[in-house]
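For reference, data-v9.pdb (PDB, C-alpha atoms and all ligand atoms):
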ATOM      1  CA  VAL A  24     109.636 289.191 224.072
ATOM      2  CA  LEU A  25     110.451 291.497 226.967
ATOM      3  CA  ILE A  26     109.886 289.689 230.253
ATOM      4  CA  PRO A  27     107.043 291.566 231.994
ATOM      5  CA  ARG A  28     108.307 293.611 234.953
ATOM      6  CA  PRO A  29     106.504 294.198 238.276
ATOM      7  CA  GLU A  30     106.260 297.963 237.584
ATOM      8  CA  THR A  31     103.870 297.214 234.726
ATOM      9  CA  GLU A  32     101.396 295.822 237.290
ATOM     10  CA  THR A  33     100.927 299.408 238.443
ATOM     11  CA  LEU A  34     100.125 300.454 234.862
ATOM     12  CA  VAL A  35      97.507 297.694 234.528
ATOM     13  CA  GLU A  36      96.005 298.451 237.963
ATOM     14  CA  THR A  37      95.734 302.141 237.087
ATOM     15  CA  VAL A  38      93.784 301.389 233.907
ATOM     16  CA  ILE A  39      91.517 298.892 235.715
ATOM     17  CA  GLU A  40      90.809 301.499 238.409
ATOM     18  CA  HIS A  41      89.716 304.016 235.764
ATOM     19  CA  LEU A  42      87.648 301.638 233.618
ATOM     20  CA  LYS A  43      86.246 299.148 236.124
ATOM     21  CA  ASP A  44      82.734 300.631 236.112
ATOM     22  CA  SER A  45      82.456 301.065 232.331
ATOM     23  CA  PRO A  46      81.264 298.044 230.368
ATOM     24  CA  GLN A  47      82.490 297.445 226.811
ATOM     25  CA  SER A  48      85.534 299.684 226.997
ATOM     26  CA  LYS A  49      87.605 299.862 223.848
ATOM     27  CA  ILE A  50      91.335 299.904 224.510
ATOM     28  CA  ILE A  51      94.495 300.245 222.424
ATOM     29  CA  ASP A  52      97.695 298.625 223.796
ATOM     30  CA  LEU A  53     100.755 299.778 221.838
ATOM     31  CA  GLY A  54     103.877 297.592 221.749
ATOM     32  CA  THR A  55     102.042 294.700 223.377
ATOM     33  CA  GLY A  56     105.070 292.349 223.439
ATOM     34  CA  SER A  57     104.042 289.219 225.370
ATOM     35  CA  GLY A  58     100.498 290.634 225.553
ATOM     36  CA  ALA A  59     100.694 290.949 229.356
ATOM     37  CA  ILE A  60      98.889 294.314 229.478
ATOM     38  CA  ALA A  61      96.234 293.542 226.843
ATOM     39  CA  ILE A  62      95.475 290.123 228.345
ATOM     40  CA  SER A  63      95.282 291.385 231.954
ATOM     41  CA  LEU A  64      92.858 294.124 230.893
ATOM     42  CA  ALA A  65      90.800 291.725 228.761
ATOM     43  CA  LYS A  66      90.444 289.417 231.786
ATOM     44  CA  ASN A  67      89.737 292.026 234.442
ATOM     45  CA  LEU A  68      87.318 294.514 232.851
ATOM     46  CA  ARG A  69      83.629 294.151 231.967
ATOM     47  CA  SER A  70      83.324 292.942 228.334
ATOM     48  CA  PRO A  71      86.213 295.016 226.985
ATOM     49  CA  PHE A  72      87.787 294.872 223.544
ATOM     50  CA  VAL A  73      91.513 295.448 223.076
ATOM     51  CA  PHE A  74      93.419 296.341 219.897
ATOM     52  CA  ALA A  75      97.008 295.290 220.585
ATOM     53  CA  THR A  76      99.783 296.302 218.180
ATOM     54  CA  ASP A  77     103.453 295.402 217.931
ATOM     55  CA  ILE A  78     106.126 295.893 215.291
ATOM     56  CA  SER A  79     107.507 292.395 215.924
ATOM     57  CA  PRO A  80     105.679 289.443 214.319
ATOM     58  CA  ASP A  81     107.574 287.121 216.699
ATOM     59  CA  ALA A  82     106.216 288.992 219.726
ATOM     60  CA  LEU A  83     102.687 288.836 218.321
ATOM     61  CA  ARG A  84     102.954 285.063 217.947
ATOM     62  CA  VAL A  85     103.772 284.789 221.657
ATOM     63  CA  ALA A  86     101.032 287.268 222.606
ATOM     64  CA  LYS A  87      98.402 285.378 220.601
ATOM     65  CA  GLU A  88      99.401 282.093 222.198
ATOM     66  CA  ASN A  89      99.215 283.675 225.674
ATOM     67  CA  ALA A  90      95.773 285.150 224.945
ATOM     68  CA  LYS A  91      94.511 281.760 223.818
ATOM     69  CA  THR A  92      95.942 279.939 226.843
ATOM     70  CA  LEU A  93      94.309 282.491 229.130
ATOM     71  CA  GLY A  94      90.959 282.340 227.309
ATOM     72  CA  VAL A  95      90.738 285.941 226.059
ATOM     73  CA  ASP A  96      91.669 285.590 222.377
ATOM     74  CA  GLU A  97      88.131 286.610 221.335
ATOM     75  CA  ARG A  98      88.489 289.910 223.181
ATOM     76  CA  ILE A  99      91.792 291.008 221.625
ATOM     77  CA  GLU A 100      92.724 291.791 218.036
ATOM     78  CA  PHE A 101      96.490 291.591 217.491
ATOM     79  CA  LEU A 102      97.890 293.730 214.678
ATOM     80  CA  CYS A 103     101.425 293.991 213.327
ATOM     81  CA  GLY A 104     102.894 297.457 212.734
ATOM     82  CA  ASP A 105     104.462 300.585 214.175
ATOM     83  CA  LEU A 106     102.421 302.037 217.102
ATOM     84  CA  PHE A 107      99.019 303.242 215.742
ATOM     85  CA  GLU A 108      99.833 302.555 212.084
ATOM     86  CA  PRO A 109      97.897 299.226 211.752
ATOM     87  CA  LEU A 110      94.807 300.959 213.209
ATOM     88  CA  ASP A 111      94.701 303.781 210.671
ATOM     89  CA  ASN A 112      91.960 302.355 208.462
ATOM     90  CA  LYS A 113      89.829 300.761 211.165
ATOM     91  CA  ASN A 114      87.430 303.667 211.635
ATOM     92  CA  LEU A 115      88.320 304.141 215.288
ATOM     93  CA  LYS A 116      88.424 307.949 215.355
ATOM     94  CA  GLY A 117      87.158 309.277 218.708
ATOM     95  CA  SER A 118      85.947 305.835 219.819
ATOM     96  CA  ILE A 119      88.614 304.599 222.242
ATOM     97  CA  ASN A 120      88.274 304.735 226.049
ATOM     98  CA  CYS A 121      91.937 304.101 226.817
ATOM     99  CA  VAL A 122      95.301 304.132 225.081
ATOM    100  CA  VAL A 123      97.859 302.253 227.182
ATOM    101  CA  SER A 124     101.526 301.515 226.537
ATOM    102  CA  ASN A 125     104.781 300.434 228.100
ATOM    103  CA  PRO A 126     106.942 301.655 225.208
ATOM    104  CA  PRO A 127     110.731 301.370 224.934
ATOM    105  CA  TYR A 128     112.223 304.028 227.243
ATOM    106  CA  VAL A 129     115.840 303.065 227.912
ATOM    107  CA  SER A 130     118.192 305.777 226.586
ATOM    108  CA  LYS A 131     121.340 304.791 224.645
ATOM    109  CA  ASP A 132     123.642 305.400 227.641
ATOM    110  CA  GLU A 133     121.423 303.496 230.030
ATOM    111  CA  PHE A 134     121.173 300.622 227.588
ATOM    112  CA  ASP A 135     124.945 300.167 227.606
ATOM    113  CA  ARG A 136     124.846 299.907 231.401
ATOM    114  CA  LEU A 137     122.045 297.308 231.573
ATOM    115  CA  PRO A 138     122.902 293.926 233.088
ATOM    116  CA  LYS A 139     124.094 291.248 230.661
ATOM    117  CA  GLU A 140     120.976 289.134 231.335
ATOM    118  CA  VAL A 141     118.820 291.938 229.896
ATOM    119  CA  LYS A 142     121.171 293.334 227.211
ATOM    120  CA  ASP A 143     122.076 289.982 225.698
ATOM    121  CA  TYR A 144     118.829 288.047 226.085
ATOM    122  CA  GLU A 145     115.884 290.435 225.811
ATOM    123  CA  PRO A 146     114.792 292.181 222.577
ATOM    124  CA  ILE A 147     116.557 295.539 222.043
ATOM    125  CA  VAL A 148     113.539 296.763 220.074
ATOM    126  CA  ALA A 149     111.431 296.571 223.278
ATOM    127  CA  LEU A 150     113.877 298.615 225.349
ATOM    128  CA  LYS A 151     116.212 301.015 223.544
ATOM    129  CA  THR A 152     115.218 304.468 222.345
ATOM    130  CA  ASP A 153     116.775 307.920 221.771
ATOM    131  CA  GLU A 154     119.118 310.000 224.000
ATOM    132  CA  GLU A 155     116.322 311.359 226.134
ATOM    133  CA  GLY A 156     114.313 308.136 226.313
ATOM    134  CA  ILE A 157     110.865 309.576 225.605
ATOM    135  CA  SER A 158     110.551 309.709 221.816
ATOM    136  CA  PHE A 159     107.910 306.947 221.818
ATOM    137  CA  HIS A 160     105.942 308.775 224.523
ATOM    138  CA  ARG A 161     105.916 311.918 222.344
ATOM    139  CA  ARG A 162     104.576 310.010 219.341
ATOM    140  CA  ILE A 163     101.967 308.177 221.428
ATOM    141  CA  ILE A 164     100.685 311.394 223.048
ATOM    142  CA  GLU A 165     100.225 313.007 219.604
ATOM    143  CA  GLY A 166      98.714 309.904 217.991
ATOM    144  CA  SER A 167      96.322 309.096 220.831
ATOM    145  CA  LEU A 168      94.294 312.297 220.338
ATOM    146  CA  TYR A 169      92.790 311.018 217.087
ATOM    147  CA  PHE A 170      91.604 307.749 218.655
ATOM    148  CA  LEU A 171      90.512 308.759 222.180
ATOM    149  CA  LYS A 172      86.937 309.758 222.989
ATOM    150  CA  LYS A 173      86.234 312.782 225.158
ATOM    151  CA  GLY A 174      86.973 311.692 228.735
ATOM    152  CA  GLY A 175      89.146 308.799 227.495
ATOM    153  CA  ILE A 176      92.470 308.187 229.197
ATOM    154  CA  LEU A 177      96.066 307.851 228.109
ATOM    155  CA  ALA A 178      98.179 305.719 230.497
ATOM    156  CA  LEU A 179     101.930 305.420 229.915
ATOM    157  CA  GLU A 180     104.748 303.685 231.759
ATOM    158  CA  VAL A 181     107.911 305.803 232.022
ATOM    159  CA  GLY A 182     111.542 305.282 233.085
ATOM    160  CA  LEU A 183     113.342 306.726 236.092
ATOM    161  CA  GLY A 184     113.358 310.534 235.903
ATOM    162  CA  GLN A 185     110.995 310.730 232.886
ATOM    163  CA  ALA A 186     107.599 311.171 234.616
ATOM    164  CA  ASN A 187     107.668 314.976 234.876
ATOM    165  CA  LYS A 188     108.842 315.412 231.282
ATOM    166  CA  VAL A 189     106.094 313.132 229.952
ATOM    167  CA  ALA A 190     103.480 314.767 232.206
ATOM    168  CA  ASP A 191     104.594 318.183 230.850
ATOM    169  CA  LEU A 192     104.086 316.959 227.282
ATOM    170  CA  THR A 193     100.440 316.171 228.077
ATOM    171  CA  GLN A 194      99.954 319.309 230.174
ATOM    172  CA  ASN A 195     101.266 321.499 227.358
ATOM    173  CA  HIS A 196      98.559 320.024 225.167
ATOM    174  CA  THR A 197      95.220 321.814 225.317
ATOM    175  CA  ASP A 198      93.395 318.551 224.557
ATOM    176  CA  PHE A 199      94.506 316.837 227.777
ATOM    177  CA  GLN A 200      93.686 317.614 231.415
ATOM    178  CA  SER A 201      94.034 316.207 234.963
ATOM    179  CA  THR A 202      97.426 314.594 234.426
ATOM    180  CA  GLU A 203      98.470 312.395 237.359
ATOM    181  CA  ILE A 204     101.746 310.619 238.151
ATOM    182  CA  LYS A 205     101.645 307.291 240.031
ATOM    183  CA  LYS A 206     104.480 305.542 241.825
ATOM    184  CA  ASP A 207     105.426 301.886 241.281
ATOM    185  CA  LEU A 208     105.842 299.345 244.092
ATOM    186  CA  GLY A 209     109.417 300.604 244.622
ATOM    187  CA  GLY A 210     108.259 304.218 245.177
ATOM    188  CA  ILE A 211     109.485 305.458 241.759
ATOM    189  CA  ASP A 212     107.304 307.783 239.643
ATOM    190  CA  ARG A 213     106.312 305.282 236.960
ATOM    191  CA  ILE A 214     102.901 305.909 235.422
ATOM    192  CA  VAL A 215     101.563 309.056 233.747
ATOM    193  CA  VAL A 216      97.782 309.198 233.231
ATOM    194  CA  SER A 217      95.954 311.987 231.437
ATOM    195  CA  HIS A 218      92.364 312.592 230.339
ATOM    196  CA  LYS A 219      91.295 313.817 226.922
ATOM    197  CA  ILE A 220      88.954 316.810 227.145
TER     198      ILE A 220
HETATM  199  N1  LIG H   1     111.617 298.481 232.895
HETATM  200  C1  LIG H   1     112.352 297.891 231.828
HETATM  201  C2  LIG H   1     113.785 297.626 232.254
HETATM  202  O1  LIG H   1     114.215 298.161 233.225
HETATM  203  C3  LIG H   1     112.282 298.788 230.612
HETATM  204  C4  LIG H   1     111.004 298.611 229.902
HETATM  205  C5  LIG H   1     110.822 299.569 228.799
HETATM  206  O2  LIG H   1     111.734 300.110 228.158
HETATM  207  N2  LIG H   1     109.604 299.797 228.536
HETATM  208  O3  LIG H   1     114.490 296.839 231.674
END
So that I can check it, write out the structure of this file as structure tokens.
Ligand code: GLN
Amino acid sequence: VLIPRPETETLVETVIEHLKDSPQSKIIDLGTGSGAIAISLAKNLRSPFVFATDISPDALRVAKENAKTLGVDERIEFLCGDLFEPLDNKNLKGSINCVVSNPPYVSKDEFDRLPKEVKDYEPIVALKTDEEGISFHRRIIEGSLYFLKKGGILALEVGLGQANKVADLTQNHTDFQSTEIKKDLGGIDRIVVSHKI
């Protein structure tokens, strides 16, 4: 699995800030990997339930073990498949309070320049994407509309220089409003949050 990075703490904190007063939030975490996001939310919110998907069965094995060790396996359902695909027949239309994801966002050129420790030892499927780096963000923005309730939030981690492009994708959508960009601990625009109308 991808080793969780400090910038993802900002993503988790942003979601907690938005949902901390709502009990029984339903959340979708796409590309859960080690389960770091799903597990942190399951532990820190008031009786939440998280649907966590990943295309890699190996990653899901690690995520399930982590959830069990940390005592939140009853609050998370892990499902294997591509983004929202394993959720299609679960009757979740308009019922989700938050869609969250740290999807792959490293463009092909950037991938070639990554340090050996990352390139040779971490899963490519968790990192590498298209030329522009935001093809997963596009698909998640489109797909999230079906699942989110009115007032629900979409929270996405983005790479260096991608925040404005991803924010524009939500702002160009009439179903989203109040898009915000948050900086990570290193001062880089890292999280895009938007609200479904
Ligand atoms: N932040 C990670 C890195 O720099 C990338 C994570 C991702 O693609 N979601 O390696």
Using only C-alpha atoms and all ligand atoms, find each residue of chain A with at least one atom at most 12 Å away from an atom of ligand LIG 1 (chain H); report its shortest atom-to-atom pair and that distance in Å (one decimal), sort the rows by chain and rising residue number, and return the result as a Markdown table.
| residue | atom | partner | partner_atom | distance |
| --- | --- | --- | --- | --- |
| A:Val24 | CA | H:LIG1 | C4 | 11.2 |
| A:Leu25 | CA | H:LIG1 | C4 | 7.7 |
| A:Ile26 | CA | H:LIG1 | O3 | 8.6 |
| A:Pro27 | CA | H:LIG1 | C1 | 8.3 |
| A:Arg28 | CA | H:LIG1 | N1 | 6.2 |
| A:Pro29 | CA | H:LIG1 | N1 | 8.6 |
| A:Glu30 | CA | H:LIG1 | N1 | 7.1 |
| A:Thr31 | CA | H:LIG1 | N1 | 8.1 |
| A:Glu32 | CA | H:LIG1 | N1 | 11.4 |
| A:Leu34 | CA | H:LIG1 | N2 | 11.4 |
| A:Leu53 | CA | H:LIG1 | N2 | 11.1 |
| A:Gly54 | CA | H:LIG1 | N2 | 9.2 |
| A:Thr55 | CA | H:LIG1 | N2 | 10.5 |
| A:Gly56 | CA | H:LIG1 | N2 | 10.1 |
| A:Ser124 | CA | H:LIG1 | N2 | 8.5 |
| A:Asn125 | CA | H:LIG1 | N2 | 4.9 |
| A:Pro126 | CA | H:LIG1 | N2 | 4.6 |
| A:Pro127 | CA | H:LIG1 | O2 | 3.6 |
| A:Tyr128 | CA | H:LIG1 | O2 | 4.1 |
| A:Val129 | CA | H:LIG1 | O2 | 5.1 |
| A:Ser130 | CA | H:LIG1 | O2 | 8.7 |
| A:Lys131 | CA | H:LIG1 | O2 | 11.2 |
| A:Glu133 | CA | H:LIG1 | O1 | 9.5 |
| A:Phe134 | CA | H:LIG1 | O3 | 8.7 |
| A:Asp135 | CA | H:LIG1 | O3 | 11.7 |
| A:Arg136 | CA | H:LIG1 | O3 | 10.8 |
| A:Leu137 | CA | H:LIG1 | O3 | 7.6 |
| A:Pro138 | CA | H:LIG1 | O3 | 9.0 |
| A:Lys139 | CA | H:LIG1 | O3 | 11.2 |
| A:Glu140 | CA | H:LIG1 | O3 | 10.1 |
| A:Val141 | CA | H:LIG1 | O3 | 6.8 |
| A:Lys142 | CA | H:LIG1 | O3 | 8.8 |
| A:Asp143 | CA | H:LIG1 | O3 | 11.8 |
| A:Tyr144 | CA | H:LIG1 | O3 | 11.3 |
| A:Glu145 | CA | H:LIG1 | O3 | 8.8 |
| A:Pro146 | CA | H:LIG1 | O2 | 10.2 |
| A:Ile147 | CA | H:LIG1 | O2 | 9.0 |
| A:Val148 | CA | H:LIG1 | O2 | 8.9 |
| A:Ala149 | CA | H:LIG1 | O2 | 6.0 |
| A:Leu150 | CA | H:LIG1 | O2 | 3.8 |
| A:Lys151 | CA | H:LIG1 | O2 | 6.5 |
| A:Thr152 | CA | H:LIG1 | O2 | 8.1 |
| A:Asp153 | CA | H:LIG1 | O2 | 11.3 |
| A:Gly156 | CA | H:LIG1 | O2 | 8.6 |
| A:Ile157 | CA | H:LIG1 | O2 | 9.8 |
| A:Ser158 | CA | H:LIG1 | O2 | 11.6 |
| A:Phe159 | CA | H:LIG1 | N2 | 10.0 |
| A:His160 | CA | H:LIG1 | N2 | 10.5 |
| A:Leu179 | CA | H:LIG1 | N2 | 9.6 |
| A:Glu180 | CA | H:LIG1 | N2 | 7.0 |
| A:Val181 | CA | H:LIG1 | N2 | 7.1 |
| A:Gly182 | CA | H:LIG1 | N1 | 6.8 |
| A:Leu183 | CA | H:LIG1 | N1 | 9.0 |
| A:Gln185 | CA | H:LIG1 | O2 | 11.6 |
| A:Asp207 | CA | H:LIG1 | N1 | 11.0 |
| A:Ile211 | CA | H:LIG1 | N1 | 11.5 |
| A:Arg213 | CA | H:LIG1 | N1 | 9.5 |
| A:Ile214 | CA | H:LIG1 | N2 | 11.4 |
Selection from above, C-alpha atoms, as a PDB file, in the coordinates of the input, can you write it?
ATOM      1  CA  VAL A  24     109.636 289.191 224.072  1.00  0.00           C
ATOM      2  CA  LEU A  25     110.451 291.497 226.967  1.00  0.00           C
ATOM      3  CA  ILE A  26     109.886 289.689 230.253  1.00  0.00           C
ATOM      4  CA  PRO A  27     107.043 291.566 231.994  1.00  0.00           C
ATOM      5  CA  ARG A  28     108.307 293.611 234.953  1.00  0.00           C
ATOM      6  CA  PRO A  29     106.504 294.198 238.276  1.00  0.00           C
ATOM      7  CA  GLU A  30     106.260 297.963 237.584  1.00  0.00           C
ATOM      8  CA  THR A  31     103.870 297.214 234.726  1.00  0.00           C
ATOM      9  CA  GLU A  32     101.396 295.822 237.290  1.00  0.00           C
ATOM     10  CA  LEU A  34     100.125 300.454 234.862  1.00  0.00           C
ATOM     11  CA  LEU A  53     100.755 299.778 221.838  1.00  0.00           C
ATOM     12  CA  GLY A  54     103.877 297.592 221.749  1.00  0.00           C
ATOM     13  CA  THR A  55     102.042 294.700 223.377  1.00  0.00           C
ATOM     14  CA  GLY A  56     105.070 292.349 223.439  1.00  0.00           C
ATOM     15  CA  SER A 124     101.526 301.515 226.537  1.00  0.00           C
ATOM     16  CA  ASN A 125     104.781 300.434 228.100  1.00  0.00           C
ATOM     17  CA  PRO A 126     106.942 301.655 225.208  1.00  0.00           C
ATOM     18  CA  PRO A 127     110.731 301.370 224.934  1.00  0.00           C
ATOM     19  CA  TYR A 128     112.223 304.028 227.243  1.00  0.00           C
ATOM     20  CA  VAL A 129     115.840 303.065 227.912  1.00  0.00           C
ATOM     21  CA  SER A 130     118.192 305.777 226.586  1.00  0.00           C
ATOM     22  CA  LYS A 131     121.340 304.791 224.645  1.00  0.00           C
ATOM     23  CA  GLU A 133     121.423 303.496 230.030  1.00  0.00           C
ATOM     24  CA  PHE A 134     121.173 300.622 227.588  1.00  0.00           C
ATOM     25  CA  ASP A 135     124.945 300.167 227.606  1.00  0.00           C
ATOM     26  CA  ARG A 136     124.846 299.907 231.401  1.00  0.00           C
ATOM     27  CA  LEU A 137     122.045 297.308 231.573  1.00  0.00           C
ATOM     28  CA  PRO A 138     122.902 293.926 233.088  1.00  0.00           C
ATOM     29  CA  LYS A 139     124.094 291.248 230.661  1.00  0.00           C
ATOM     30  CA  GLU A 140     120.976 289.134 231.335  1.00  0.00           C
ATOM     31  CA  VAL A 141     118.820 291.938 229.896  1.00  0.00           C
ATOM     32  CA  LYS A 142     121.171 293.334 227.211  1.00  0.00           C
ATOM     33  CA  ASP A 143     122.076 289.982 225.698  1.00  0.00           C
ATOM     34  CA  TYR A 144     118.829 288.047 226.085  1.00  0.00           C
ATOM     35  CA  GLU A 145     115.884 290.435 225.811  1.00  0.00           C
ATOM     36  CA  PRO A 146     114.792 292.181 222.577  1.00  0.00           C
ATOM     37  CA  ILE A 147     116.557 295.539 222.043  1.00  0.00           C
ATOM     38  CA  VAL A 148     113.539 296.763 220.074  1.00  0.00           C
ATOM     39  CA  ALA A 149     111.431 296.571 223.278  1.00  0.00           C
ATOM     40  CA  LEU A 150     113.877 298.615 225.349  1.00  0.00           C
ATOM     41  CA  LYS A 151     116.212 301.015 223.544  1.00  0.00           C
ATOM     42  CA  THR A 152     115.218 304.468 222.345  1.00  0.00           C
ATOM     43  CA  ASP A 153     116.775 307.920 221.771  1.00  0.00           C
ATOM     44  CA  GLY A 156     114.313 308.136 226.313  1.00  0.00           C
ATOM     45  CA  ILE A 157     110.865 309.576 225.605  1.00  0.00           C
ATOM     46  CA  SER A 158     110.551 309.709 221.816  1.00  0.00           C
ATOM     47  CA  PHE A 159     107.910 306.947 221.818  1.00  0.00           C
ATOM     48  CA  HIS A 160     105.942 308.775 224.523  1.00  0.00           C
ATOM     49  CA  LEU A 179     101.930 305.420 229.915  1.00  0.00           C
ATOM     50  CA  GLU A 180     104.748 303.685 231.759  1.00  0.00           C
ATOM     51  CA  VAL A 181     107.911 305.803 232.022  1.00  0.00           C
ATOM     52  CA  GLY A 182     111.542 305.282 233.085  1.00  0.00           C
ATOM     53  CA  LEU A 183     113.342 306.726 236.092  1.00  0.00           C
ATOM     54  CA  GLN A 185     110.995 310.730 232.886  1.00  0.00           C
ATOM     55  CA  ASP A 207     105.426 301.886 241.281  1.00  0.00           C
ATOM     56  CA  ILE A 211     109.485 305.458 241.759  1.00  0.00           C
ATOM     57  CA  ARG A 213     106.312 305.282 236.960  1.00  0.00           C
ATOM     58  CA  ILE A 214     102.901 305.909 235.422  1.00  0.00           C
TER      59      ILE A 214
END
Translate the PyMOL selection byres (((chain A and resi 40-46) around 12) and not hetatm) into a concrete residue list for this structure, as a compact mmCIF listing (two decimals) with C-alpha atoms, in the frame of the given file.
# COMPACT_ATOMS: atom_id res chain seq x y z
CA THR A 33 100.93 299.41 238.44
CA LEU A 34 100.12 300.45 234.86
CA VAL A 35 97.51 297.69 234.53
CA GLU A 36 96.00 298.45 237.96
CA THR A 37 95.73 302.14 237.09
CA VAL A 38 93.78 301.39 233.91
CA ILE A 39 91.52 298.89 235.72
CA GLN A 47 82.49 297.44 226.81
CA SER A 48 85.53 299.68 227.00
CA LYS A 49 87.60 299.86 223.85
CA ILE A 50 91.34 299.90 224.51
CA LEU A 64 92.86 294.12 230.89
CA ALA A 65 90.80 291.73 228.76
CA LYS A 66 90.44 289.42 231.79
CA ASN A 67 89.74 292.03 234.44
CA LEU A 68 87.32 294.51 232.85
CA ARG A 69 83.63 294.15 231.97
CA SER A 70 83.32 292.94 228.33
CA PRO A 71 86.21 295.02 226.98
CA PHE A 72 87.79 294.87 223.54
CA ILE A 119 88.61 304.60 222.24
CA ASN A 120 88.27 304.74 226.05
CA CYS A 121 91.94 304.10 226.82
CA VAL A 122 95.30 304.13 225.08
CA VAL A 123 97.86 302.25 227.18
CA GLY A 174 86.97 311.69 228.74
CA GLY A 175 89.15 308.80 227.50
CA ILE A 176 92.47 308.19 229.20
CA LEU A 177 96.07 307.85 228.11
CA ALA A 178 98.18 305.72 230.50
CA VAL A 216 97.78 309.20 233.23
CA SER A 217 95.95 311.99 231.44
CA HIS A 218 92.36 312.59 230.34
Q | Long-range neighbours of Tyr169 in chain A as a PyMOL selection string, 7 Å cut-off, all atoms listed in the file, 2 positions minimum in chain | A | chain A and resi 116-117+166-167+171
Q | Residues matched by the PyMOL selection byres (((chain A and resi 196) around 12) and not hetatm), written as JSON, numbers by chain | A | {"A": [161, 164, 165, 167, 168, 189, 190, 191, 192, 193, 194, 195, 197, 198, 199, 200, 201, 202, 217, 218, 219, 220]}
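When CA of Pro109 in chain A is paired with CA of Ala90 in chain A, their separation reads 19.4 Å.
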Could the centre and edge lengths of an axis-aligned box, enclosing all atoms of range 71-87 of chain A in the file with 6 Å extra on each side, be given in Å to one decimal as AutoDock Vina command-line options?
--center_x 96.9 --center_y 290.6 --center_z 220.7 --size_x 33.4 --size_y 23.6 --size_z 24.7
Q: Apply the PyMOL selection byres (((chain A and resi 87) around 12) and not hetatm) to the displayed file and report the matching residues as number ranges by chain.
A: A: 55-59, 61-62, 75-77, 80-86, 88-103
Same residues, C-alpha atoms, output as a CSV table (one decimal), in the coordinates of the input:
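The new file part28.csv reads:
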chain,number,residue,atom,x,y,z
A,55,THR,CA,102.0,294.7,223.4
A,56,GLY,CA,105.1,292.3,223.4
A,57,SER,CA,104.0,289.2,225.4
A,58,GLY,CA,100.5,290.6,225.6
A,59,ALA,CA,100.7,290.9,229.4
A,61,ALA,CA,96.2,293.5,226.8
A,62,ILE,CA,95.5,290.1,228.3
A,75,ALA,CA,97.0,295.3,220.6
A,76,THR,CA,99.8,296.3,218.2
A,77,ASP,CA,103.5,295.4,217.9
A,80,PRO,CA,105.7,289.4,214.3
A,81,ASP,CA,107.6,287.1,216.7
A,82,ALA,CA,106.2,289.0,219.7
A,83,LEU,CA,102.7,288.8,218.3
A,84,ARG,CA,103.0,285.1,217.9
A,85,VAL,CA,103.8,284.8,221.7
A,86,ALA,CA,101.0,287.3,222.6
A,88,GLU,CA,99.4,282.1,222.2
A,89,ASN,CA,99.2,283.7,225.7
A,90,ALA,CA,95.8,285.2,224.9
A,91,LYS,CA,94.5,281.8,223.8
A,92,THR,CA,95.9,279.9,226.8
A,93,LEU,CA,94.3,282.5,229.1
A,94,GLY,CA,91.0,282.3,227.3
A,95,VAL,CA,90.7,285.9,226.1
A,96,ASP,CA,91.7,285.6,222.4
A,97,GLU,CA,88.1,286.6,221.3
A,98,ARG,CA,88.5,289.9,223.2
A,99,ILE,CA,91.8,291.0,221.6
A,100,GLU,CA,92.7,291.8,218.0
A,101,PHE,CA,96.5,291.6,217.5
A,102,LEU,CA,97.9,293.7,214.7
A,103,CYS,CA,101.4,294.0,213.3
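Note that the spacing between CA of Glu154 in chain A and CA of Asp132 in chain A amounts to 7.4 Å.
Here CA of Arg162 in chain A is placed at a distance of 15.6 Å from CA of Ala186 in chain A.
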Kindly output range 149-156 of chain A as a CSV table (one decimal), keeping the file's coordinate frame, after building N, CA, C and O atoms.
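Result file follows (rebuild-v3.csv):
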chain,number,residue,atom,x,y,z
A,149,ALA,N,112.4,296.3,222.2
A,149,ALA,CA,111.4,296.6,223.3
A,149,ALA,C,112.0,297.6,224.3
A,149,ALA,O,111.2,298.0,225.2
A,150,LEU,N,113.2,297.9,224.3
A,150,LEU,CA,113.9,298.6,225.3
A,150,LEU,C,114.5,299.9,224.9
A,150,LEU,O,114.2,301.0,225.5
A,151,LYS,N,115.3,299.9,223.9
A,151,LYS,CA,116.2,301.0,223.5
A,151,LYS,C,115.5,302.1,222.7
A,151,LYS,O,114.7,301.8,221.8
A,152,THR,N,115.8,303.4,223.1
A,152,THR,CA,115.2,304.5,222.3
A,152,THR,C,116.3,305.6,222.2
A,152,THR,O,117.5,305.3,222.1
A,153,ASP,N,115.8,306.8,222.1
A,153,ASP,CA,116.8,307.9,221.8
A,153,ASP,C,117.6,308.4,223.0
A,153,ASP,O,117.5,307.8,224.1
A,154,GLU,N,118.3,309.5,222.9
A,154,GLU,CA,119.1,310.0,224.0
A,154,GLU,C,118.3,310.3,225.2
A,154,GLU,O,118.6,309.9,226.4
A,155,GLU,N,117.1,310.9,225.0
A,155,GLU,CA,116.3,311.4,226.1
A,155,GLU,C,115.4,310.3,226.7
A,155,GLU,O,115.0,310.3,227.8
A,156,GLY,N,115.1,309.3,225.9
A,156,GLY,CA,114.3,308.1,226.3
A,156,GLY,C,112.8,308.2,226.1
A,156,GLY,O,112.1,307.3,226.4
